[in-house]
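Shown next: entry_7.cif, given as mmCIF, C-alpha atoms.
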data_run
loop_
_atom_site.label_atom_id
_atom_site.label_comp_id
_atom_site.auth_asym_id
_atom_site.auth_seq_id
_atom_site.Cartn_x
_atom_site.Cartn_y
_atom_site.Cartn_z
CA MET A 16 9.02 -68.60 34.63
CA SER A 17 6.87 -65.69 35.43
CA LEU A 18 7.98 -62.12 35.31
CA PRO A 19 7.55 -60.03 38.39
CA LEU A 20 4.23 -58.27 38.12
CA PRO A 21 5.45 -54.70 37.84
CA LEU A 22 7.74 -55.53 34.92
CA SER A 23 5.05 -57.41 32.98
CA ARG A 24 2.68 -54.50 33.51
CA MET A 25 5.36 -52.18 32.21
CA LEU A 26 5.81 -54.25 29.08
CA VAL A 27 2.11 -54.42 28.44
CA THR A 28 1.82 -50.69 28.94
CA SER A 29 4.68 -49.96 26.55
CA ALA A 30 3.25 -52.29 23.96
CA LEU A 31 -0.09 -50.55 24.21
CA GLY A 32 1.63 -47.24 24.03
CA ALA A 33 3.57 -48.24 20.95
CA THR A 34 0.43 -49.51 19.28
CA ALA A 35 -1.41 -46.32 20.09
CA LEU A 36 1.46 -44.25 18.75
CA LEU A 37 1.69 -46.32 15.60
CA GLY A 38 -2.08 -46.23 15.16
CA GLY A 39 -1.98 -42.48 15.62
CA GLN A 40 0.64 -42.13 12.95
CA VAL A 41 -1.33 -44.16 10.49
CA ALA A 42 -4.59 -42.36 11.13
CA LEU A 43 -3.16 -38.86 11.43
CA ALA A 44 -0.04 -38.68 9.33
CA GLN A 45 1.53 -35.31 10.03
CA GLN A 46 1.49 -32.96 7.11
CA LYS A 47 4.55 -30.82 6.68
CA VAL A 48 4.50 -27.06 6.41
CA ASP A 49 7.19 -25.54 4.23
CA PRO A 50 8.11 -22.39 6.18
CA ALA A 51 10.01 -20.84 3.26
CA LYS A 52 6.86 -20.90 1.15
CA SER A 53 4.43 -19.97 3.88
CA GLU A 54 3.58 -16.66 5.43
CA ILE A 55 1.42 -15.16 8.11
CA THR A 56 0.79 -11.44 7.74
CA PHE A 57 -1.53 -8.92 9.33
CA VAL A 58 -2.91 -5.54 8.41
CA SER A 59 -3.69 -2.90 10.99
CA LYS A 60 -5.02 0.55 10.23
CA GLN A 61 -3.24 3.63 11.53
CA MET A 62 -5.48 6.68 11.11
CA GLY A 63 -7.05 4.98 8.12
CA VAL A 64 -3.74 3.87 6.61
CA PRO A 65 -3.40 0.11 6.14
CA VAL A 66 -0.05 -1.04 7.49
CA GLU A 67 1.13 -4.58 6.87
CA GLY A 68 3.22 -6.64 9.23
CA ARG A 69 4.61 -10.14 9.15
CA PHE A 70 5.61 -12.91 11.55
CA ARG A 71 8.94 -14.24 10.40
CA LYS A 72 8.98 -17.30 12.65
CA PHE A 73 6.15 -19.65 13.31
CA ASP A 74 5.59 -23.33 13.71
CA ALA A 75 2.60 -25.41 12.73
CA GLN A 76 1.49 -28.96 13.42
CA VAL A 77 -1.09 -30.07 10.94
CA SER A 78 -2.78 -33.45 10.81
CA PHE A 79 -5.54 -33.07 8.37
CA ASP A 80 -7.27 -35.21 5.81
CA PRO A 81 -9.66 -33.28 3.55
CA LYS A 82 -11.86 -36.38 3.42
CA LYS A 83 -12.24 -36.40 7.20
CA PRO A 84 -11.94 -32.75 8.24
CA GLU A 85 -13.67 -33.33 11.60
CA ALA A 86 -10.81 -35.61 12.66
CA GLY A 87 -8.18 -33.00 11.84
CA LYS A 88 -6.01 -31.15 14.29
CA ILE A 89 -4.15 -27.94 13.62
CA ALA A 90 -1.88 -26.15 16.04
CA PHE A 91 0.17 -23.01 15.52
CA SER A 92 2.70 -21.20 17.54
CA ILE A 93 3.96 -17.82 16.39
CA ASP A 94 7.15 -16.27 17.71
CA LEU A 95 5.96 -12.74 18.48
CA GLY A 96 9.55 -11.56 18.79
CA SER A 97 9.83 -12.17 15.05
CA THR A 98 7.12 -9.64 14.18
CA THR A 99 8.17 -7.04 11.67
CA VAL A 100 6.24 -3.98 10.51
CA SER A 101 8.67 -1.11 10.05
CA PRO A 102 12.00 -0.29 11.70
CA ASP A 103 10.31 2.17 14.09
CA ALA A 104 7.53 -0.20 15.04
CA ASP A 105 9.82 -3.24 15.33
CA ALA A 106 11.62 -1.58 18.21
CA GLU A 107 8.32 -0.95 20.03
CA LEU A 108 6.36 -4.15 19.43
CA PRO A 109 8.25 -6.36 21.94
CA LYS A 110 7.52 -3.86 24.74
CA ALA A 111 4.95 -4.44 27.46
CA VAL A 112 2.24 -2.20 25.98
CA TRP A 113 2.27 -4.14 22.70
CA PHE A 114 3.14 -7.86 22.68
CA ASN A 115 5.20 -8.00 25.89
CA VAL A 116 7.47 -10.55 24.25
CA PRO A 117 9.70 -11.24 27.30
CA LYS A 118 6.64 -12.41 29.24
CA PHE A 119 4.53 -13.83 26.39
CA PRO A 120 6.91 -14.92 23.62
CA LEU A 121 4.39 -17.03 21.72
CA ALA A 122 0.95 -16.62 20.26
CA THR A 123 -0.80 -19.96 19.86
CA PHE A 124 -3.74 -21.37 18.02
CA GLN A 125 -5.25 -24.74 18.82
CA SER A 126 -8.03 -26.05 16.64
CA GLY A 127 -11.29 -27.45 17.94
CA ALA A 128 -14.02 -28.44 15.50
CA ILE A 129 -13.17 -28.43 11.79
CA LYS A 130 -16.05 -28.42 9.31
CA ALA A 131 -16.22 -28.70 5.54
CA ALA A 132 -17.74 -25.56 4.02
CA GLY A 133 -17.90 -26.25 0.31
CA PRO A 134 -15.40 -27.65 -2.21
CA GLY A 135 -11.90 -27.07 -0.88
CA LYS A 136 -13.25 -24.86 1.88
CA PHE A 137 -13.16 -25.51 5.58
CA GLU A 138 -14.02 -23.71 8.76
CA VAL A 139 -11.56 -24.19 11.55
CA ALA A 140 -12.82 -23.21 14.96
CA GLY A 141 -10.26 -22.90 17.69
CA LYS A 142 -8.67 -20.96 20.48
CA LEU A 143 -6.30 -18.12 19.78
CA ALA A 144 -4.11 -17.10 22.69
CA ILE A 145 -2.00 -13.94 22.65
CA LYS A 146 -0.43 -12.10 25.55
CA GLY A 147 -2.21 -14.10 28.23
CA SER A 148 -5.71 -13.71 26.77
CA SER A 149 -7.50 -16.27 24.69
CA ARG A 150 -10.49 -16.01 22.41
CA ASP A 151 -12.53 -18.41 20.30
CA VAL A 152 -12.11 -17.74 16.61
CA VAL A 153 -13.38 -19.34 13.43
CA VAL A 154 -10.85 -19.35 10.64
CA PRO A 155 -12.03 -19.94 7.06
CA VAL A 156 -9.48 -21.89 5.05
CA THR A 157 -9.37 -22.54 1.32
CA LEU A 158 -7.23 -25.40 0.07
CA THR A 159 -5.85 -25.66 -3.43
CA GLN A 160 -3.70 -28.49 -4.69
CA ALA A 161 -1.08 -28.71 -7.39
CA GLY A 162 0.61 -32.10 -7.55
CA ALA A 163 1.83 -33.04 -4.09
CA VAL A 164 1.68 -29.47 -2.84
CA THR A 165 -1.33 -28.12 -1.01
CA THR A 166 -1.77 -24.42 -0.37
CA ALA A 167 -3.98 -23.20 2.44
CA ASN A 168 -5.19 -19.60 2.27
CA GLY A 169 -7.37 -17.66 4.58
CA SER A 170 -7.92 -14.54 6.59
CA PHE A 171 -9.82 -13.56 9.68
CA ALA A 172 -10.22 -10.49 11.84
CA ILE A 173 -9.33 -10.12 15.48
CA LYS A 174 -9.85 -7.23 17.87
CA ARG A 175 -6.45 -6.19 19.16
CA LEU A 176 -7.87 -4.89 22.44
CA ASP A 177 -9.28 -8.37 23.21
CA PHE A 178 -5.63 -9.30 23.67
CA LYS A 179 -4.45 -6.00 25.17
CA ILE A 180 -2.24 -5.37 22.15
CA GLY A 181 -1.56 -1.64 22.43
CA GLU A 182 -2.22 -0.45 25.97
CA GLY A 183 -2.24 2.99 27.57
CA ASP A 184 -2.16 5.78 24.97
CA TRP A 185 -2.14 3.17 22.22
CA ALA A 186 -5.52 1.77 23.28
CA ASP A 187 -7.06 4.73 21.39
CA THR A 188 -8.73 3.07 18.40
CA SER A 189 -8.99 6.37 16.51
CA MET A 190 -5.18 6.08 16.11
CA VAL A 191 -4.80 2.34 15.59
CA ALA A 192 -8.04 0.58 14.67
CA ASN A 193 -9.24 -2.24 16.89
CA ASP A 194 -9.77 -4.59 13.95
CA VAL A 195 -6.67 -6.35 12.72
CA GLN A 196 -6.91 -8.57 9.67
CA VAL A 197 -4.73 -11.68 9.85
CA LYS A 198 -3.89 -13.41 6.57
CA PHE A 199 -2.04 -16.62 5.97
CA LYS A 200 -0.72 -18.71 3.13
CA LEU A 201 0.66 -22.09 4.07
CA THR A 202 2.36 -24.51 1.76
CA LEU A 203 1.86 -28.08 2.90
CA SER A 204 3.04 -31.43 1.70
CA GLY A 205 1.53 -34.83 2.47
CA VAL A 206 -2.10 -33.72 2.44
CA GLY A 207 -4.48 -36.28 0.97
CA PRO A 208 -6.38 -35.34 -2.20
CA LEU A 209 -9.38 -33.02 -1.88
CA MET B 16 5.13 50.27 -26.41
CA PRO B 17 6.02 50.32 -22.73
CA PRO B 18 4.46 47.61 -20.60
CA PRO B 19 1.15 48.62 -19.09
CA SER B 20 1.45 50.05 -15.67
CA SER B 21 -1.05 50.67 -12.94
CA ALA B 22 -1.56 53.32 -10.39
CA PRO B 23 0.04 52.82 -6.99
CA GLY B 24 -2.42 50.88 -4.89
CA ALA B 25 -3.56 48.43 -7.61
CA ARG B 26 -4.16 45.14 -5.86
CA TYR B 27 -4.32 41.47 -6.66
CA GLY B 28 -7.89 40.13 -6.89
CA LEU B 29 -9.49 38.92 -3.68
CA THR B 30 -9.29 35.27 -4.74
CA ALA B 31 -5.55 35.58 -5.37
CA ILE B 32 -5.10 37.38 -2.04
CA ALA B 33 -7.11 34.73 -0.17
CA LEU B 34 -5.12 31.89 -1.77
CA HIS B 35 -1.82 33.66 -1.03
CA TRP B 36 -2.46 34.04 2.69
CA LEU B 37 -4.19 30.69 3.16
CA LEU B 38 -1.28 28.89 1.50
CA ALA B 39 1.27 30.99 3.36
CA LEU B 40 -0.24 29.83 6.67
CA ALA B 41 -0.67 26.23 5.52
CA ILE B 42 2.90 25.97 4.22
CA LEU B 43 4.44 27.47 7.35
CA ALA B 44 2.32 25.21 9.58
CA ALA B 45 3.16 22.08 7.58
CA PHE B 46 6.85 23.02 7.66
CA ALA B 47 6.83 23.60 11.43
CA VAL B 48 5.02 20.30 12.08
CA GLY B 49 7.43 18.53 9.73
CA LEU B 50 10.44 19.90 11.58
CA TYR B 51 9.02 18.91 14.96
CA MET B 52 7.51 15.51 14.23
CA HIS B 53 10.41 13.70 12.65
CA GLU B 54 12.42 13.65 15.87
CA LEU B 55 9.60 12.35 18.06
CA PRO B 56 9.73 8.79 19.36
CA LEU B 57 6.97 6.51 18.11
CA SER B 58 3.82 7.57 19.95
CA PRO B 59 0.16 8.30 19.17
CA GLN B 60 1.18 11.98 19.07
CA ARG B 61 3.75 11.32 16.37
CA LEU B 62 1.29 9.24 14.37
CA LYS B 63 -1.27 12.04 14.57
CA LEU B 64 1.21 14.73 13.50
CA TYR B 65 2.45 12.63 10.56
CA SER B 66 -1.13 12.17 9.37
CA TRP B 67 -1.94 15.85 9.74
CA HIS B 68 1.27 16.82 7.96
CA LYS B 69 0.41 14.53 5.02
CA TRP B 70 -3.17 15.80 4.84
CA ALA B 71 -1.92 19.39 4.94
CA GLY B 72 0.53 18.57 2.14
CA VAL B 73 -2.23 17.16 -0.06
CA CYS B 74 -4.40 20.25 0.60
CA ILE B 75 -1.45 22.52 -0.23
CA LEU B 76 -0.93 20.60 -3.47
CA LEU B 77 -4.60 20.88 -4.48
CA LEU B 78 -4.85 24.55 -3.55
CA SER B 79 -1.63 25.21 -5.46
CA VAL B 80 -3.16 23.70 -8.59
CA LEU B 81 -6.15 26.01 -8.15
CA ARG B 82 -3.82 28.93 -7.49
CA LEU B 83 -1.69 28.25 -10.55
CA VAL B 84 -4.78 28.04 -12.79
CA TRP B 85 -6.05 31.27 -11.24
CA ARG B 86 -2.67 32.95 -11.67
CA ILE B 87 -2.50 31.99 -15.37
CA THR B 88 -6.05 33.12 -16.07
CA HIS B 89 -5.89 36.29 -13.93
CA ARG B 90 -2.79 38.38 -14.57
CA PRO B 91 -1.64 40.21 -11.46
CA PRO B 92 -1.64 44.00 -11.65
CA PRO B 93 1.71 45.19 -13.03
CA LEU B 94 4.01 47.04 -10.70
CA SER B 95 3.60 50.81 -10.81
CA ASP B 96 6.05 52.81 -12.93
CA GLN B 97 7.48 54.26 -9.77
CA MET B 98 8.31 50.81 -8.34
CA THR B 99 9.69 49.46 -11.60
CA ALA B 100 11.88 52.52 -12.06
CA ALA B 101 13.27 52.16 -8.54
CA MET B 102 14.25 48.51 -9.08
CA PRO B 103 17.62 47.63 -10.60
CA ALA B 104 17.53 44.92 -13.25
CA TRP B 105 18.74 42.20 -10.87
CA GLN B 106 15.86 42.93 -8.51
CA ARG B 107 13.35 42.65 -11.33
CA ALA B 108 14.92 39.34 -12.33
CA ALA B 109 14.96 38.13 -8.72
CA HIS B 110 11.32 39.17 -8.29
CA HIS B 111 10.25 36.88 -11.16
CA GLY B 112 12.77 34.16 -10.40
CA VAL B 113 11.75 33.78 -6.76
CA HIS B 114 8.06 33.65 -7.67
CA HIS B 115 8.63 31.02 -10.36
CA LEU B 116 10.79 28.89 -8.09
CA MET B 117 8.26 29.12 -5.27
CA TYR B 118 5.50 27.94 -7.59
CA LEU B 119 7.70 25.06 -8.70
CA LEU B 120 8.30 24.06 -5.08
CA PHE B 121 4.60 24.38 -4.13
CA PHE B 122 4.22 21.25 -6.25
CA THR B 123 7.58 19.59 -5.72
CA VAL B 124 7.57 19.51 -1.91
CA PRO B 125 4.17 17.83 -1.43
CA LEU B 126 4.63 15.47 -4.39
CA VAL B 127 8.02 14.30 -3.11
CA GLY B 128 6.55 13.91 0.39
CA TRP B 129 3.70 11.83 -1.00
CA ALA B 130 6.18 9.69 -2.94
CA TYR B 131 8.26 9.20 0.23
CA SER B 132 5.21 8.08 2.18
CA SER B 133 4.24 5.58 -0.53
CA ALA B 134 7.80 4.30 -0.89
CA ALA B 135 8.04 3.85 2.87
CA GLY B 136 4.95 1.61 2.70
CA PHE B 137 2.46 4.07 4.16
CA PRO B 138 -0.02 5.07 1.47
CA VAL B 139 -1.61 8.46 2.08
CA VAL B 140 -5.24 8.28 3.19
CA LEU B 141 -6.64 11.81 3.07
CA PHE B 142 -8.39 12.70 6.36
CA GLY B 143 -8.20 9.01 7.27
CA VAL B 144 -10.95 8.13 4.78
CA LEU B 145 -9.88 8.73 1.17
CA PRO B 146 -7.02 6.47 0.02
CA LEU B 147 -4.82 8.20 -2.53
CA PRO B 148 -2.99 6.21 -5.18
CA ASP B 149 0.70 5.39 -4.84
CA PHE B 150 2.66 6.67 -7.80
CA VAL B 151 5.85 4.98 -6.66
CA PRO B 152 6.15 1.39 -5.36
CA ALA B 153 6.72 0.55 -1.70
CA ASP B 154 10.48 0.16 -1.67
CA LYS B 155 12.73 0.83 1.33
CA ALA B 156 15.78 1.81 -0.73
CA LEU B 157 13.68 4.21 -2.80
CA ALA B 158 12.19 5.68 0.39
CA GLU B 159 15.68 6.33 1.78
CA ALA B 160 16.65 8.01 -1.50
CA ILE B 161 13.54 10.21 -1.56
CA LYS B 162 13.55 11.25 2.09
CA PRO B 163 16.38 13.83 1.89
CA LEU B 164 14.81 15.31 -1.27
CA HIS B 165 11.62 16.09 0.62
CA ALA B 166 13.58 17.84 3.38
CA LEU B 167 15.87 19.62 0.91
CA SER B 168 13.02 20.93 -1.25
CA ALA B 169 11.08 22.02 1.86
CA PHE B 170 14.10 23.94 3.18
CA ALA B 171 14.61 25.49 -0.26
CA LEU B 172 10.97 26.63 -0.26
CA ILE B 173 11.31 28.13 3.21
CA GLY B 174 14.54 29.85 2.12
CA LEU B 175 12.67 31.42 -0.81
CA VAL B 176 9.80 32.38 1.51
CA LEU B 177 12.31 34.22 3.71
CA LEU B 178 13.71 36.06 0.67
CA HIS B 179 10.17 36.86 -0.45
CA VAL B 180 9.18 38.18 3.00
CA GLY B 181 12.47 40.08 3.32
CA ALA B 182 11.90 41.77 -0.06
CA ALA B 183 8.31 42.65 0.85
CA LEU B 184 9.44 44.17 4.15
CA LYS B 185 12.20 46.13 2.40
CA HIS B 186 9.58 47.60 0.06
CA GLN B 187 7.35 48.35 3.04
CA TRP B 188 9.86 49.90 5.42
CA ILE B 189 12.81 51.04 3.34
CA ASP B 190 11.38 51.88 -0.09
CA ARG B 191 7.97 52.79 1.42
CA ASP B 192 6.44 52.23 -2.01
CA GLY B 193 3.22 50.54 -0.90
CA LEU B 194 4.06 47.22 -2.62
CA LEU B 195 2.73 45.22 0.33
CA ASP B 196 -0.73 46.74 -0.14
CA ARG B 197 -1.05 44.72 -3.35
CA MET B 198 -1.59 41.66 -1.10
CA ASN B 199 -3.50 43.42 1.68
CA PRO B 200 -7.09 42.16 1.77
CA PHE B 201 -8.19 44.93 4.12
CA LYS B 202 -6.83 47.99 2.33
CA ARG B 203 -9.01 49.35 -0.42
CA ALA B 204 -7.42 51.31 -3.21
#

As structure tokens:
Amino acid sequence: MSLPLPLSRMLVTSALGATALLGGQVALAQQKVDPAKSEITFVSKQMGVPVEGRFRKFDAQVSFDPKKPEAGKIAFSIDLGSTTVSPDADAELPKAVWFNVPKFPLATFQSGAIKAAGPGKFEVAGKLAIKGSSRDVVVPVTLTQAGAVTTANGSFAIKRLDFKIGEGDWADTSMVANDVQVKFKLTLSGVGPL
Amino acid sequence: MPPPSSAPGARYGLTAIALHWLLALAILAAFAVGLYMHELPLSPQRLKLYSWHKWAGVCILLLSVLRLVWRITHRPPPLSDQMTAAMPAWQRAAHHGVHHLMYLLFFTVPLVGWAYSSAAGFPVVLFGVLPLPDFVPADKALAEAIKPLHALSAFALIGLVLLHVGAALKHQWIDRDGLLDRMNPFKRA
């Protein structure tokens, strides 16, 4: 007995799909980020005064093997509504001139090329998108391992006006500097040894 | 031996006079800005005024150190016999008491303001370029505890300034004893 053609094609397709999925899982086992032990912070300067802020909610998908960094993929999404700086600022940041959270709730990062840059060091190139603008960035990452836990540290600078963060009166960089330093510490499990 | 006295018209030195008026202006300006800025909504204007207020406070603190050193090393001219004789004991006590308390607050108000800024998580960066150390940790609860002390000490200082000005004007217009000339940079003895 022969199956009707469409059905057999469907089965073949699903089988291929399942294999691909399985293969994907084997080759790129997802590493888990422990949000409670991870943080993404940023420092902006207000008339020379460094002011630190923090994103309370973010999500990361990491598939990364230190032995094969070029095959790795890292994606982030940060809930901009969870940004906290100070009580005054927290009330302003969701507004249109700053993050415009109702229209652009998420900031995202999607990695492109990942290169080794020395022992435990990597350079992650990728696209950072905030508030409808996206820019290419290169993020240096340092990995350290203790037992099964891997910690990824790094920092990079962005120009807030590239993303229209702070418009109108707030675009004045003598008040709030254009450079914003972003720092992160991520605690990961399931990363292969360095 | 009676305390030394000076002729009517003896003045403070020019350095003391310059510091007195410079600090009088700076303190009144910082107080006025402080009163105005804290009710503003978050804006570049508010940020600017807060920074200026903090820088003014640090300058007031530094100039007050200089002034105190100068005051200790350069005794002011004593009041004339005529003035001293006209003052009841409580006025003489108030005259010293108000001056001492004002000096105390010249240091207290800016130091407490600086501590509040640090506790609130905003270290003071003088003129936007020189970071000053934090002598208290960044701690929200501490900031909330310090905040009213800054306002209270500032209002106390302004209250004393009003007493001080009122007393000077009484000497000028009621007693007509020429006391105000002691601080007049333009009037030569």

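For chain A, the residues close to chain B, meaning within 7 Å and counting only C-alpha atoms, are A:Met62, A:Gly63, A:Val64, A:Val66, A:Asp103, A:Asp184, A:Trp185, A:Met190.
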
Applying 7 Å and all atoms listed in the file, which residues near Ser53 (chain A) remain after dropping the ones on its own chain fewer than 5 positions away? List them as a ChimeraX atom specification. /A:200-202

Translate the PyMOL selection byres ((chain B and resi 115-126) around 8), as applied to the file shown, into an explicit residue set as a list in words.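 What the PyMOL selection byres ((chain B and resi 115-126) around 8) grabs from the file is Gly72, Val73, Ile75, Leu76, Ser79, Leu83, His111, Gly112, Val113, His114, Val127, Gly128, Trp129, Ala130, His165, Ser168, Ala169, Leu172, Leu175 and Val176 of chain B.
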
Using all atoms listed in the file, which protein or nucleic acid residues come within 12 Å of Gln106 (chain B)? Drop anything in the same chain fewer than 5 positions from it, and give the result as a ChimeraX atom specification. /B:98-101,111-113,178-179,182,185-186

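Residue nearest Lys52 (chain A), chosen from A:Ala90, A:Val191, A:Val164, A:Ile173 and counting only C-alpha atoms: A:Val164.
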
Tell me which of A:Lys82, A:Asp177, A:Lys118, A:Phe137 sits closest to Ser149 (chain A), counting only C-alpha atoms.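 Ranked by minimum distance to Ser149 (chain A), first place goes to A:Asp177.
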
Restricting the calculation to only C-alpha atoms, which member of A:Val58, A:Ala163, A:Ala86, A:Ala132 is positioned closest to Thr99 (chain A)?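 With only C-alpha atoms as the atom set, the closest residue is A:Val58.
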
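Distances here use all atoms listed in the file; by that measure, the residue among A:Ala131, A:Phe178, A:Ala75, A:Val156 closest to Phe119 (chain A) is A:Phe178.
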
List the residues matched by the PyMOL selection byres ((chain A and resi 116) around 12) in the displayed structure as a list in words, ordered by chain and then by residue number.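 Those residues are Ile93, Asp94, Leu95, Gly96, Ser97, Thr98, Asp105, Ala106, Glu107, Leu108, Pro109, Lys110, Ala111, Val112, Trp113, Phe114, Asn115, Pro117, Lys118, Phe119, Pro120, Leu121, Ala122, Ile145, Lys146, Gly147 and Ile180 of chain A.
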
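Pairwise distance (CA of Gln46 (chain A), CA of Thr157 (chain A)) equals 16.1 Å.
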
For a test of reading the model, state the distance in Å between CA of Ile189 (chain B) and CA of Pro93 (chain B), rounded to one decimal.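 CA of Pro93 (chain B) lies at a distance of 20.6 Å from CA of Ile189 (chain B).
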
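Excluding region 37-42 of chain B itself and same-chain residues fewer than 3 positions from it, the residues having an atom within 8 Å of it are Ala33, Leu34, Ala45, Phe46, Ala71, Ile75, Leu78 and Ser79 of chain B, counting all atoms listed in the file.
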
Starting from the displayed file, determine the output of the PyMOL selection byres ((chain B and resi 86) around 12) and express the residue list as a ChimeraX atom specification. /B:27-28,30-32,34-35,78-85,87-92,114-115,118

Residues around (-2.1, -17.4, 2.1), cut-off 12 Å, counting only C-alpha atoms - what are they as a PDB file with C-alpha atoms, keeping the file's coordinate frame?
ATOM      1  CA  LYS A  52       6.860 -20.900   1.150  1.00  0.00           C
ATOM      2  CA  SER A  53       4.430 -19.970   3.880  1.00  0.00           C
ATOM      3  CA  GLU A  54       3.580 -16.660   5.430  1.00  0.00           C
ATOM      4  CA  ILE A  55       1.420 -15.160   8.110  1.00  0.00           C
ATOM      5  CA  THR A  56       0.790 -11.440   7.740  1.00  0.00           C
ATOM      6  CA  PHE A  57      -1.530  -8.920   9.330  1.00  0.00           C
ATOM      7  CA  PRO A 155     -12.030 -19.940   7.060  1.00  0.00           C
ATOM      8  CA  VAL A 156      -9.480 -21.890   5.050  1.00  0.00           C
ATOM      9  CA  THR A 157      -9.370 -22.540   1.320  1.00  0.00           C
ATOM     10  CA  LEU A 158      -7.230 -25.400   0.070  1.00  0.00           C
ATOM     11  CA  THR A 159      -5.850 -25.660  -3.430  1.00  0.00           C
ATOM     12  CA  THR A 165      -1.330 -28.120  -1.010  1.00  0.00           C
ATOM     13  CA  THR A 166      -1.770 -24.420  -0.370  1.00  0.00           C
ATOM     14  CA  ALA A 167      -3.980 -23.200   2.440  1.00  0.00           C
ATOM     15  CA  ASN A 168      -5.190 -19.600   2.270  1.00  0.00           C
ATOM     16  CA  GLY A 169      -7.370 -17.660   4.580  1.00  0.00           C
ATOM     17  CA  SER A 170      -7.920 -14.540   6.590  1.00  0.00           C
ATOM     18  CA  PHE A 171      -9.820 -13.560   9.680  1.00  0.00           C
ATOM     19  CA  VAL A 197      -4.730 -11.680   9.850  1.00  0.00           C
ATOM     20  CA  LYS A 198      -3.890 -13.410   6.570  1.00  0.00           C
ATOM     21  CA  PHE A 199      -2.040 -16.620   5.970  1.00  0.00           C
ATOM     22  CA  LYS A 200      -0.720 -18.710   3.130  1.00  0.00           C
ATOM     23  CA  LEU A 201       0.660 -22.090   4.070  1.00  0.00           C
ATOM     24  CA  THR A 202       2.360 -24.510   1.760  1.00  0.00           C
ATOM     25  CA  LEU A 203       1.860 -28.080   2.900  1.00  0.00           C
TER      26      LEU A 203
END

Suppose you want the space between CA of Asn193 (chain A) and CA of Arg175 (chain A); what is it in Å?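 Interatomic distance here is 5.3 Å.
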
So for region 116-127 of chain A, what box centre and size do we get, axis-aligned, 8 Å extra on each of the six sides, every listed atom, Å to one decimal, as AutoDock Vina command-line options?
--center_x -0.8 --center_y -19.0 --center_z 22.9 --size_x 37.0 --size_y 32.9 --size_z 28.6

For Leu157 (chain B), the nearest of the candidates B:Gly174, B:Leu195, B:Pro200, B:Ala134, counting all atoms listed in the file: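 Going through B:Gly174, B:Leu195, B:Pro200, B:Ala134 one by one, the smallest distance to Leu157 (chain B) is for B:Ala134.
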
How would region 65-78 of chain B read, as a PDB file, keeping the file's coordinate frame, once N, CA and C atoms are built in?
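Writing the result to part37.pdb gives the following:
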ATOM      1  N   TYR B  65       2.099  13.094  11.915  1.00  0.00           N
ATOM      2  CA  TYR B  65       2.450  12.630  10.560  1.00  0.00           C
ATOM      3  C   TYR B  65       1.223  12.660   9.659  1.00  0.00           C
ATOM      4  N   SER B  66       0.090  12.179  10.192  1.00  0.00           N
ATOM      5  CA  SER B  66      -1.130  12.170   9.370  1.00  0.00           C
ATOM      6  C   SER B  66      -1.538  13.591   9.030  1.00  0.00           C
ATOM      7  N   TRP B  67      -1.540  14.462  10.013  1.00  0.00           N
ATOM      8  CA  TRP B  67      -1.940  15.850   9.740  1.00  0.00           C
ATOM      9  C   TRP B  67      -1.009  16.504   8.727  1.00  0.00           C
ATOM     10  N   HIS B  68       0.276  16.253   8.878  1.00  0.00           N
ATOM     11  CA  HIS B  68       1.270  16.820   7.960  1.00  0.00           C
ATOM     12  C   HIS B  68       0.983  16.349   6.518  1.00  0.00           C
ATOM     13  N   LYS B  69       0.684  15.063   6.373  1.00  0.00           N
ATOM     14  CA  LYS B  69       0.410  14.530   5.020  1.00  0.00           C
ATOM     15  C   LYS B  69      -0.882  15.128   4.463  1.00  0.00           C
ATOM     16  N   TRP B  70      -1.912  15.224   5.322  1.00  0.00           N
ATOM     17  CA  TRP B  70      -3.170  15.800   4.840  1.00  0.00           C
ATOM     18  C   TRP B  70      -2.959  17.256   4.453  1.00  0.00           C
ATOM     19  N   ALA B  71      -2.205  17.985   5.261  1.00  0.00           N
ATOM     20  CA  ALA B  71      -1.920  19.390   4.940  1.00  0.00           C
ATOM     21  C   ALA B  71      -1.194  19.468   3.604  1.00  0.00           C
ATOM     22  N   GLY B  72      -0.237  18.570   3.389  1.00  0.00           N
ATOM     23  CA  GLY B  72       0.530  18.570   2.140  1.00  0.00           C
ATOM     24  C   GLY B  72      -0.364  18.356   0.928  1.00  0.00           C
ATOM     25  N   VAL B  73      -1.314  17.424   1.056  1.00  0.00           N
ATOM     26  CA  VAL B  73      -2.230  17.160  -0.060  1.00  0.00           C
ATOM     27  C   VAL B  73      -3.108  18.384  -0.315  1.00  0.00           C
ATOM     28  N   CYS B  74      -3.578  19.029   0.762  1.00  0.00           N
ATOM     29  CA  CYS B  74      -4.400  20.250   0.600  1.00  0.00           C
ATOM     30  C   CYS B  74      -3.581  21.353  -0.061  1.00  0.00           C
ATOM     31  N   ILE B  75      -2.324  21.494   0.358  1.00  0.00           N
ATOM     32  CA  ILE B  75      -1.450  22.520  -0.230  1.00  0.00           C
ATOM     33  C   ILE B  75      -1.271  22.250  -1.727  1.00  0.00           C
ATOM     34  N   LEU B  76      -1.099  20.977  -2.059  1.00  0.00           N
ATOM     35  CA  LEU B  76      -0.930  20.600  -3.470  1.00  0.00           C
ATOM     36  C   LEU B  76      -2.178  20.966  -4.276  1.00  0.00           C
ATOM     37  N   LEU B  77      -3.353  20.601  -3.758  1.00  0.00           N
ATOM     38  CA  LEU B  77      -4.600  20.880  -4.480  1.00  0.00           C
ATOM     39  C   LEU B  77      -4.843  22.382  -4.604  1.00  0.00           C
ATOM     40  N   LEU B  78      -4.646  23.104  -3.502  1.00  0.00           N
ATOM     41  CA  LEU B  78      -4.850  24.550  -3.550  1.00  0.00           C
ATOM     42  C   LEU B  78      -3.843  25.219  -4.482  1.00  0.00           C
TER      43      LEU B  78
END
